[in-house]
Amino acid sequence: MSYIVEPVREDPRVARTREAVGRATLQVLAERGYAGFTVEAVADEARVARSTIYRHWPTRIALISDALDALNRQPRPDRDEVAGGARAKVEVLVTHLTEAFTDSLLSSCMPALVEAAEHEPEVAAFLHGYSATRRATLVRVLEAGIASGELPSHLDPELASVALAGAVAYYRTMTPEPLPTERAADLVTQVLGPP
């Protein structure tokens, strides 16, 4: 006897509400910073009841975390086939990062979180964990490229990942313009060397 388990489908109304709340979360965070970020403001922006938000997200950090994860999906070239090998996979990740830091809503949230992390241990723990988890994908791709001989053996995957991601973050927070997406490949070449 075999049993076929149907995948659970989310009610379309619930999905629309989750998306509206996620977008409202990032909008409020971008506009007001973490100090001005309240569940009430998110509820007003999303046009939902506060009880709806509290039912699904017990804390402000849980709300922000879910919004960032839902609205900024990181590519997974370490698991998916990407033509061109390790360097192409690195470029996919760096290009995604430049796009995320160019998008006005997502990129506007990062300075708010960085500032809050200086004063709020809970925000610091979240931001450092969130960044480390996302950068770990880049580290794995670099490690695999070094192990396969596609990338130079002298590279330190951890340090190279910080140099790549850090340059994108630096452009967003310390210069008038974010790093243009079309310059992602140039950044990869500067850090990893020529192909």
# chains A, B, ... in the order shown; residues from 1 in each chain; ligands from 1

call {"tool": "residues_around", "arguments": {"residues": "region 50-60 of chain A", "least_positions_apart": "3", "cutoff": "7 Å", "atoms": "only C-alpha atoms", "output": "number ranges by chain"}}
result
A: 39-40, 43, 63-64

call {"tool": "residues_around", "arguments": {"residues": "region 90-104 of chain A", "least_positions_apart": "4", "cutoff": "10 Å", "atoms": "only C-alpha atoms", "output": "PyMOL selection string"}}
result
chain A and resi 27+30+71-78+82+85-86+108-110+134-135+137-142+145+161+164-165+167-169+171-173+177-189+192

call {"tool": "write_last_selection", "arguments": {"atoms": "C-alpha atoms", "output": "short mmCIF file (atom, residue, chain, number, x, y, z; two decimals), in the first residue's frame"}}
result
data_model
loop_
_atom_site.label_atom_id
_atom_site.label_comp_id
_atom_site.auth_asym_id
_atom_site.auth_seq_id
_atom_site.Cartn_x
_atom_site.Cartn_y
_atom_site.Cartn_z
CA GLN A 27 9.13 50.00 4.02
CA ALA A 30 13.68 51.88 5.60
CA LEU A 71 11.80 39.33 -0.33
CA ASN A 72 15.53 38.83 -0.92
CA ARG A 73 15.99 35.23 -2.08
CA GLN A 74 19.67 34.42 -2.41
CA PRO A 75 20.68 32.29 -5.41
CA ARG A 76 22.16 28.90 -4.51
CA PRO A 77 24.83 28.27 -7.17
CA ASP A 78 26.57 25.87 -4.77
CA VAL A 82 25.65 27.25 -13.18
CA GLY A 85 32.36 26.82 -13.04
CA ALA A 86 33.39 28.40 -9.75
CA SER A 108 17.61 51.23 2.64
CA CYS A 109 17.03 48.72 5.44
CA MET A 110 20.69 47.79 5.87
CA ARG A 134 24.25 34.41 3.47
CA ARG A 135 28.03 34.83 3.10
CA THR A 137 27.16 30.29 0.45
CA LEU A 138 29.92 32.40 -1.09
CA VAL A 139 32.54 30.78 1.15
CA ARG A 140 31.40 27.29 0.06
CA VAL A 141 31.61 28.26 -3.63
CA LEU A 142 35.10 29.68 -3.14
CA GLY A 145 36.67 26.38 -6.62
CA SER A 161 34.16 36.46 0.74
CA LEU A 164 33.70 40.76 -2.12
CA ALA A 165 30.67 41.33 0.10
CA ALA A 167 33.13 46.10 -1.13
CA VAL A 168 29.45 46.01 -2.12
CA ALA A 169 28.37 47.10 1.37
CA TYR A 171 29.78 51.28 -1.86
CA ARG A 172 26.21 51.35 -0.49
CA THR A 173 26.98 52.97 2.84
CA GLU A 177 26.18 55.53 -5.33
CA PRO A 178 25.95 51.76 -4.84
CA LEU A 179 28.27 49.52 -6.87
CA PRO A 180 26.61 49.15 -10.29
CA THR A 181 25.52 45.61 -11.03
CA GLU A 182 27.45 45.61 -14.28
CA ARG A 183 30.67 46.06 -12.26
CA ALA A 184 30.18 42.83 -10.27
CA ALA A 185 32.44 40.85 -12.63
CA ASP A 186 35.13 43.56 -12.33
CA LEU A 187 35.02 43.26 -8.54
CA VAL A 188 35.36 39.48 -8.77
CA THR A 189 38.42 39.90 -11.00
CA LEU A 192 40.17 36.58 -7.36
#

call {"tool": "residues_around", "arguments": {"residues": "Arg32 (chain A)", "least_positions_apart": "5", "cutoff": "12 Å", "atoms": "only C-alpha atoms", "output": "list of chain:residue names"}}
result
A:Ala24, A:Thr25, A:Leu26, A:Gln27, A:Phe37, A:Thr38, A:Ala41, A:Val42, A:Ser108, A:Cys109, A:Pro111, A:Ala112, A:Leu113, A:Ala116
